[in-house]
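One file, model.cif, carrying mmCIF, C-alpha atoms:
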data_entry
loop_
_atom_site.label_atom_id
_atom_site.label_comp_id
_atom_site.auth_asym_id
_atom_site.auth_seq_id
_atom_site.Cartn_x
_atom_site.Cartn_y
_atom_site.Cartn_z
CA MET H 1 -13.71 -1.52 -1.76
CA THR H 2 -14.91 -4.11 -4.26
CA THR H 3 -17.46 -6.78 -3.55
CA PRO H 4 -16.45 -10.48 -3.53
CA ASP H 5 -18.10 -11.09 -6.91
CA ALA H 6 -16.59 -8.04 -8.64
CA SER H 7 -13.83 -8.52 -11.20
CA PRO H 8 -10.33 -7.75 -9.92
CA LEU H 9 -8.94 -4.32 -10.67
CA TYR H 10 -5.92 -4.57 -12.93
CA ARG H 11 -3.36 -1.77 -12.98
CA THR H 12 0.40 -1.48 -13.07
CA GLY H 13 1.70 -1.54 -9.52
CA LYS H 14 -1.12 -3.68 -8.06
CA ILE H 15 0.01 -6.34 -5.61
CA CYS H 16 -1.42 -9.44 -7.21
CA TYR H 17 0.36 -12.65 -6.18
CA LEU H 18 1.96 -14.15 -3.05
CA GLU H 19 4.07 -17.24 -2.57
CA ILE H 20 3.77 -18.51 0.99
CA PRO H 21 6.36 -21.00 2.27
CA THR H 22 5.06 -24.12 3.98
CA ASN H 23 6.22 -27.57 4.96
CA ASP H 24 2.62 -28.83 5.12
CA VAL H 25 0.29 -27.64 2.36
CA ALA H 26 -2.80 -29.23 3.92
CA ILE H 27 -2.33 -27.44 7.26
CA SER H 28 -1.66 -24.12 5.53
CA THR H 29 -4.66 -24.31 3.18
CA GLN H 30 -7.01 -25.32 6.00
CA PHE H 31 -5.77 -22.49 8.22
CA PHE H 32 -6.20 -19.67 5.68
CA GLN H 33 -9.49 -21.05 4.38
CA HIS H 34 -10.94 -21.37 7.88
CA VAL H 35 -9.64 -18.12 9.40
CA PHE H 36 -9.85 -15.77 6.39
CA GLY H 37 -12.26 -17.43 3.95
CA TRP H 38 -9.68 -17.81 1.18
CA LYS H 39 -10.82 -19.89 -1.79
CA ILE H 40 -8.47 -22.84 -2.32
CA ARG H 41 -7.73 -24.21 -5.80
CA GLN H 42 -5.81 -27.34 -6.77
CA HIS H 43 -3.61 -27.15 -9.87
CA ALA H 44 -3.27 -30.13 -12.19
CA ASP H 45 0.26 -30.74 -10.85
CA GLY H 46 -1.15 -31.07 -7.30
CA THR H 47 0.02 -27.70 -5.99
CA ALA H 48 -2.44 -25.66 -3.94
CA ALA H 49 -3.30 -22.08 -4.84
CA PHE H 50 -5.59 -19.50 -3.30
CA ASP H 51 -7.62 -16.41 -4.01
CA ASP H 52 -8.20 -14.00 -1.14
CA ALA H 53 -11.69 -13.38 0.21
CA VAL H 54 -12.45 -10.65 -2.35
CA GLY H 55 -10.71 -12.22 -5.35
CA GLN H 56 -8.11 -9.45 -5.63
CA VAL H 57 -4.93 -11.32 -4.64
CA SER H 58 -3.96 -14.86 -5.52
CA GLY H 59 -1.00 -17.04 -4.77
CA MET H 60 0.16 -20.47 -3.77
CA TRP H 61 1.95 -22.35 -1.04
CA VAL H 62 5.48 -23.42 -1.90
CA LEU H 63 7.55 -26.23 -0.46
CA GLY H 64 11.29 -26.13 -0.01
CA ARG H 65 11.49 -22.62 1.47
CA GLN H 66 11.88 -21.67 5.10
CA PRO H 67 8.86 -19.94 6.66
CA SER H 68 9.23 -16.17 6.89
CA ARG H 69 9.68 -15.91 10.67
CA GLU H 70 11.43 -12.54 11.00
CA LEU H 71 10.00 -9.06 10.81
CA GLY H 72 10.70 -7.79 7.29
CA VAL H 73 8.22 -7.21 4.52
CA MET H 74 4.88 -7.61 6.30
CA VAL H 75 1.74 -8.77 4.60
CA HIS H 76 -1.35 -7.62 6.52
CA ILE H 77 -4.76 -9.20 6.02
CA MET H 78 -7.78 -6.92 6.48
CA VAL H 79 -10.31 -8.02 9.10
CA ALA H 80 -13.48 -6.63 10.65
CA ASP H 81 -12.34 -7.30 14.23
CA VAL H 82 -8.80 -8.06 15.40
CA SER H 83 -9.99 -9.63 18.66
CA THR H 84 -12.37 -12.08 16.97
CA THR H 85 -9.84 -12.93 14.27
CA SER H 86 -7.08 -13.39 16.87
CA ALA H 87 -9.23 -15.98 18.62
CA ALA H 88 -9.86 -17.74 15.29
CA ILE H 89 -6.13 -17.71 14.50
CA GLU H 90 -5.31 -19.35 17.82
CA ALA H 91 -8.16 -21.87 17.51
CA ALA H 92 -6.85 -22.87 14.06
CA GLY H 93 -3.29 -23.48 15.28
CA GLY H 94 -1.73 -20.05 14.77
CA GLU H 95 -0.16 -17.78 17.37
CA ILE H 96 -0.69 -14.11 18.14
CA VAL H 97 2.77 -12.54 18.50
CA GLN H 98 1.84 -8.97 19.38
CA SER H 99 -1.26 -6.76 19.35
CA PHE H 100 -1.28 -3.02 18.76
CA THR H 101 -3.82 -0.27 19.46
CA ASP H 102 -1.82 2.86 18.71
CA GLY H 103 -4.50 4.74 16.79
CA GLU H 104 -4.86 1.75 14.49
CA VAL H 105 -5.84 -1.74 15.61
CA TYR H 106 -3.68 -4.55 14.27
CA ALA H 107 -1.70 -7.59 15.34
CA TYR H 108 1.17 -9.79 14.20
CA PHE H 109 0.58 -13.53 14.05
CA ARG H 110 2.31 -16.72 13.00
CA ASP H 111 0.49 -19.25 10.87
CA PRO H 112 0.76 -22.92 11.92
CA VAL H 113 4.08 -23.39 10.03
CA GLY H 114 5.64 -20.22 11.46
CA ASN H 115 5.19 -17.51 8.79
CA LEU H 116 4.80 -14.03 10.26
CA PHE H 117 1.81 -12.01 9.02
CA GLY H 118 -0.28 -9.11 10.23
CA ILE H 119 -4.00 -8.52 10.58
CA TYR H 120 -5.41 -5.02 10.28
CA GLN H 121 -8.82 -3.94 11.61
CA GLN H 122 -10.47 -1.75 8.99
CA ALA H 123 -12.68 0.87 10.65
CA GLY H 124 -16.35 0.38 9.77
CA LEU H 125 -15.84 -3.03 8.20
CA ALA H 126 -17.70 -4.88 10.97
CA GLU H 127 -20.77 -2.74 10.39
CA GLN H 128 -20.48 -3.11 6.61
CA GLU H 129 -20.23 -6.90 6.82
CA ALA H 130 -23.07 -7.25 9.37
#

Translate the structure of the given file into structure tokens.
Amino acid sequence: MTTPDASPLYRTGKICYLEIPTNDVAISTQFFQHVFGWKIRQHADGTAAFDDAVGQVSGMWVLGRQPSRELGVMVHIMVADVSTTSAAIEAAGGEIVQSFTDGEVYAYFRDPVGNLFGIYQQAGLAEQEA
């Protein structure tokens, strides 16, 4: 795993960019910044972009698309503790849809505009980040 200040790893096949539907950019940026520590950037045209907490994936919020509410392609965000992050998601206006502990610990959640995502508890990450 790279450190937050390390340069991104570039290689063919790397997932590098996400477009996240929203009907309220301010709510979406605040949610992901608060819950996951994403760095928010404003483009000259006023659109909001982000870099994930380790600077490996970037993207932006897009208007005019319906939130991704159905189970399909699932983007999971790595966390140190699913329980703690679930509480932060709910406190920031999101909703926990389902939690799993079937050998792995993860959960599905909806962001405040309804997009369905997952969180995945990486073993040993809590100790590493302490």

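Nearest residue to Ile27 in chain H, choosing from H:Ala44, H:Ala130, H:Ala92, H:Leu125 and counting all atoms listed in the file: H:Ala92.
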
Task: Interatomic distance, CA of Gln122 in chain H to CA of Glu104 in chain H (Å, one decimal) - done: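 One can read the CA of Gln122 in chain H to CA of Glu104 in chain H distance as 8.6 Å.
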
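Counting all atoms listed in the file, Lys39 in chain H has the following residues at most 7 Å away, ignoring those fewer than 3 positions along the same chain: H:Gln33, H:Phe50, H:Asp51, H:Asp52, H:Ala53.
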
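Taking CA of Asn23 in chain H as the reference point, CA of Asn115 in chain H is found at 10.8 Å.
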
Open item on the list: I want to know what sits within 6 Å of Tyr106 in chain H, based on only C-alpha atoms, with residues of the same chain fewer than 5 positions away left out; could you give that as a ChimeraX atom specification?
Closed with: /H:100,119-121

Task: Atom pair CA of Gly114 in chain H / CA of Gln66 in chain H: separation (Å) - done: 9.0 Å

Translate the PyMOL selection byres ((chain H and resi 112) around 6) into a concrete residue list for this structure, as a compact mmCIF listing (two decimals) with C-alpha atoms, keeping the file's coordinate frame.
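Final file, out.txt:
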# COMPACT_ATOMS: atom_id res chain seq x y z
CA GLY H 93 -3.29 -23.48 15.28
CA GLY H 94 -1.73 -20.05 14.77
CA ASP H 111 0.49 -19.25 10.87
CA VAL H 113 4.08 -23.39 10.03
CA GLY H 114 5.64 -20.22 11.46

- [ ] Name all residues at most 12 Å from range 73-78 of chain H (count only C-alpha atoms; drop same-chain ones fewer than 6 positions away) and give them as a PyMOL selection string.
- [x] chain H and resi 1+15+17-20+32+35-38+52-54+57+85-86+105-110+115-126

So which residues get picked by the PyMOL selection byres ((chain H and resi 29) around 10) here, written as a PDB file with C-alpha atoms, in the coordinates of the input?
ATOM      1  CA  THR H  22       5.060 -24.120   3.980  1.00  0.00           C
ATOM      2  CA  ASP H  24       2.620 -28.830   5.120  1.00  0.00           C
ATOM      3  CA  VAL H  25       0.290 -27.640   2.360  1.00  0.00           C
ATOM      4  CA  ALA H  26      -2.800 -29.230   3.920  1.00  0.00           C
ATOM      5  CA  ILE H  27      -2.330 -27.440   7.260  1.00  0.00           C
ATOM      6  CA  SER H  28      -1.660 -24.120   5.530  1.00  0.00           C
ATOM      7  CA  GLN H  30      -7.010 -25.320   6.000  1.00  0.00           C
ATOM      8  CA  PHE H  31      -5.770 -22.490   8.220  1.00  0.00           C
ATOM      9  CA  PHE H  32      -6.200 -19.670   5.680  1.00  0.00           C
ATOM     10  CA  GLN H  33      -9.490 -21.050   4.380  1.00  0.00           C
ATOM     11  CA  HIS H  34     -10.940 -21.370   7.880  1.00  0.00           C
ATOM     12  CA  TRP H  38      -9.680 -17.810   1.180  1.00  0.00           C
ATOM     13  CA  LYS H  39     -10.820 -19.890  -1.790  1.00  0.00           C
ATOM     14  CA  ILE H  40      -8.470 -22.840  -2.320  1.00  0.00           C
ATOM     15  CA  ARG H  41      -7.730 -24.210  -5.800  1.00  0.00           C
ATOM     16  CA  ALA H  48      -2.440 -25.660  -3.940  1.00  0.00           C
ATOM     17  CA  ALA H  49      -3.300 -22.080  -4.840  1.00  0.00           C
ATOM     18  CA  PHE H  50      -5.590 -19.500  -3.300  1.00  0.00           C
ATOM     19  CA  MET H  60       0.160 -20.470  -3.770  1.00  0.00           C
ATOM     20  CA  TRP H  61       1.950 -22.350  -1.040  1.00  0.00           C
TER      21      TRP H  61
END

TODO: Compare H:Glu129, H:Gln42, H:Pro21, H:Glu90 by their minimum atom-to-atom distance to Val62 in chain H, counting only C-alpha atoms, and give me the closest one.
DONE: H:Pro21

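For the choices H:Ser83, H:Ala91, H:Gln98, H:Gly103, the atom-to-atom distance to Leu71 in chain H is smallest for H:Gln98 when using all atoms listed in the file.
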
- [ ] Go through H:Thr101, H:Gly59, H:Leu9, H:Gly72 and flag the residue nearest His43 in chain H, using only C-alpha atoms for the distances.
- [x]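 Smallest distance to His43 in chain H is found for H:Gly59.
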
How would range 55-83 of chain H look with N, CA and C atoms restored, written as a PDB file, in the frame of the given file?
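Listed below is the output, selection26.pdb:
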ATOM      1  N   GLY H  55     -11.162 -11.890  -4.004  1.00  0.00           N
ATOM      2  CA  GLY H  55     -10.710 -12.220  -5.350  1.00  0.00           C
ATOM      3  C   GLY H  55      -9.749 -11.213  -5.946  1.00  0.00           C
ATOM      4  N   GLN H  56      -9.025 -10.468  -5.119  1.00  0.00           N
ATOM      5  CA  GLN H  56      -8.110  -9.450  -5.630  1.00  0.00           C
ATOM      6  C   GLN H  56      -6.647  -9.880  -5.600  1.00  0.00           C
ATOM      7  N   VAL H  57      -6.308 -10.828  -4.748  1.00  0.00           N
ATOM      8  CA  VAL H  57      -4.930 -11.320  -4.640  1.00  0.00           C
ATOM      9  C   VAL H  57      -4.972 -12.830  -4.692  1.00  0.00           C
ATOM     10  N   SER H  58      -4.062 -13.401  -5.458  1.00  0.00           N
ATOM     11  CA  SER H  58      -3.960 -14.860  -5.520  1.00  0.00           C
ATOM     12  C   SER H  58      -2.534 -15.262  -5.165  1.00  0.00           C
ATOM     13  N   GLY H  59      -2.326 -16.549  -5.078  1.00  0.00           N
ATOM     14  CA  GLY H  59      -1.000 -17.040  -4.770  1.00  0.00           C
ATOM     15  C   GLY H  59      -1.017 -18.537  -4.562  1.00  0.00           C
ATOM     16  N   MET H  60       0.083 -19.033  -4.040  1.00  0.00           N
ATOM     17  CA  MET H  60       0.160 -20.470  -3.770  1.00  0.00           C
ATOM     18  C   MET H  60       1.123 -20.712  -2.624  1.00  0.00           C
ATOM     19  N   TRP H  61       1.033 -21.915  -2.072  1.00  0.00           N
ATOM     20  CA  TRP H  61       1.950 -22.350  -1.040  1.00  0.00           C
ATOM     21  C   TRP H  61       3.086 -23.084  -1.730  1.00  0.00           C
ATOM     22  N   VAL H  62       4.310 -22.823  -1.277  1.00  0.00           N
ATOM     23  CA  VAL H  62       5.480 -23.420  -1.900  1.00  0.00           C
ATOM     24  C   VAL H  62       6.275 -24.214  -0.876  1.00  0.00           C
ATOM     25  N   LEU H  63       6.708 -25.368  -1.293  1.00  0.00           N
ATOM     26  CA  LEU H  63       7.550 -26.230  -0.460  1.00  0.00           C
ATOM     27  C   LEU H  63       9.010 -25.887  -0.722  1.00  0.00           C
ATOM     28  N   GLY H  64       9.863 -26.291   0.185  1.00  0.00           N
ATOM     29  CA  GLY H  64      11.290 -26.130  -0.010  1.00  0.00           C
ATOM     30  C   GLY H  64      11.830 -24.755   0.349  1.00  0.00           C
ATOM     31  N   ARG H  65      11.031 -23.917   0.989  1.00  0.00           N
ATOM     32  CA  ARG H  65      11.490 -22.620   1.470  1.00  0.00           C
ATOM     33  C   ARG H  65      11.212 -22.544   2.966  1.00  0.00           C
ATOM     34  N   GLN H  66      12.080 -21.866   3.667  1.00  0.00           N
ATOM     35  CA  GLN H  66      11.880 -21.670   5.100  1.00  0.00           C
ATOM     36  C   GLN H  66      10.725 -20.695   5.316  1.00  0.00           C
ATOM     37  N   PRO H  67       9.886 -20.930   6.332  1.00  0.00           N
ATOM     38  CA  PRO H  67       8.860 -19.940   6.660  1.00  0.00           C
ATOM     39  C   PRO H  67       9.494 -18.581   6.946  1.00  0.00           C
ATOM     40  N   SER H  68       8.780 -17.539   6.660  1.00  0.00           N
ATOM     41  CA  SER H  68       9.230 -16.170   6.890  1.00  0.00           C
ATOM     42  C   SER H  68       8.926 -15.815   8.344  1.00  0.00           C
ATOM     43  N   ARG H  69       9.886 -16.037   9.235  1.00  0.00           N
ATOM     44  CA  ARG H  69       9.680 -15.910  10.670  1.00  0.00           C
ATOM     45  C   ARG H  69      10.101 -14.557  11.244  1.00  0.00           C
ATOM     46  N   GLU H  70      10.884 -13.806  10.490  1.00  0.00           N
ATOM     47  CA  GLU H  70      11.430 -12.540  11.000  1.00  0.00           C
ATOM     48  C   GLU H  70      10.633 -11.364  10.472  1.00  0.00           C
ATOM     49  N   LEU H  71      10.643 -10.294  11.228  1.00  0.00           N
ATOM     50  CA  LEU H  71      10.000  -9.060  10.810  1.00  0.00           C
ATOM     51  C   LEU H  71      10.789  -8.490   9.639  1.00  0.00           C
ATOM     52  N   GLY H  72      10.123  -8.344   8.520  1.00  0.00           N
ATOM     53  CA  GLY H  72      10.700  -7.790   7.290  1.00  0.00           C
ATOM     54  C   GLY H  72       9.539  -7.219   6.511  1.00  0.00           C
ATOM     55  N   VAL H  73       9.414  -7.610   5.272  1.00  0.00           N
ATOM     56  CA  VAL H  73       8.220  -7.210   4.520  1.00  0.00           C
ATOM     57  C   VAL H  73       7.037  -7.863   5.215  1.00  0.00           C
ATOM     58  N   MET H  74       6.042  -7.068   5.577  1.00  0.00           N
ATOM     59  CA  MET H  74       4.880  -7.610   6.300  1.00  0.00           C
ATOM     60  C   MET H  74       3.648  -7.555   5.419  1.00  0.00           C
ATOM     61  N   VAL H  75       3.021  -8.686   5.271  1.00  0.00           N
ATOM     62  CA  VAL H  75       1.740  -8.770   4.600  1.00  0.00           C
ATOM     63  C   VAL H  75       0.672  -8.720   5.682  1.00  0.00           C
ATOM     64  N   HIS H  76      -0.239  -7.745   5.579  1.00  0.00           N
ATOM     65  CA  HIS H  76      -1.350  -7.620   6.520  1.00  0.00           C
ATOM     66  C   HIS H  76      -2.635  -8.031   5.822  1.00  0.00           C
ATOM     67  N   ILE H  77      -3.472  -8.749   6.527  1.00  0.00           N
ATOM     68  CA  ILE H  77      -4.760  -9.200   6.020  1.00  0.00           C
ATOM     69  C   ILE H  77      -5.838  -8.377   6.718  1.00  0.00           C
ATOM     70  N   MET H  78      -6.722  -7.769   5.929  1.00  0.00           N
ATOM     71  CA  MET H  78      -7.780  -6.920   6.480  1.00  0.00           C
ATOM     72  C   MET H  78      -8.836  -7.782   7.167  1.00  0.00           C
ATOM     73  N   VAL H  79      -9.271  -7.322   8.348  1.00  0.00           N
ATOM     74  CA  VAL H  79     -10.310  -8.020   9.100  1.00  0.00           C
ATOM     75  C   VAL H  79     -11.290  -7.006   9.680  1.00  0.00           C
ATOM     76  N   ALA H  80     -12.461  -7.495  10.035  1.00  0.00           N
ATOM     77  CA  ALA H  80     -13.480  -6.630  10.650  1.00  0.00           C
ATOM     78  C   ALA H  80     -13.182  -6.397  12.124  1.00  0.00           C
ATOM     79  N   ASP H  81     -12.580  -7.400  12.789  1.00  0.00           N
ATOM     80  CA  ASP H  81     -12.340  -7.300  14.230  1.00  0.00           C
ATOM     81  C   ASP H  81     -11.084  -8.087  14.582  1.00  0.00           C
ATOM     82  N   VAL H  82     -10.063  -7.406  15.058  1.00  0.00           N
ATOM     83  CA  VAL H  82      -8.800  -8.060  15.400  1.00  0.00           C
ATOM     84  C   VAL H  82      -8.988  -9.064  16.536  1.00  0.00           C
ATOM     85  N   SER H  83      -9.790  -8.735  17.524  1.00  0.00           N
ATOM     86  CA  SER H  83      -9.990  -9.630  18.660  1.00  0.00           C
ATOM     87  C   SER H  83     -10.630 -10.950  18.235  1.00  0.00           C
TER      88      SER H  83
END
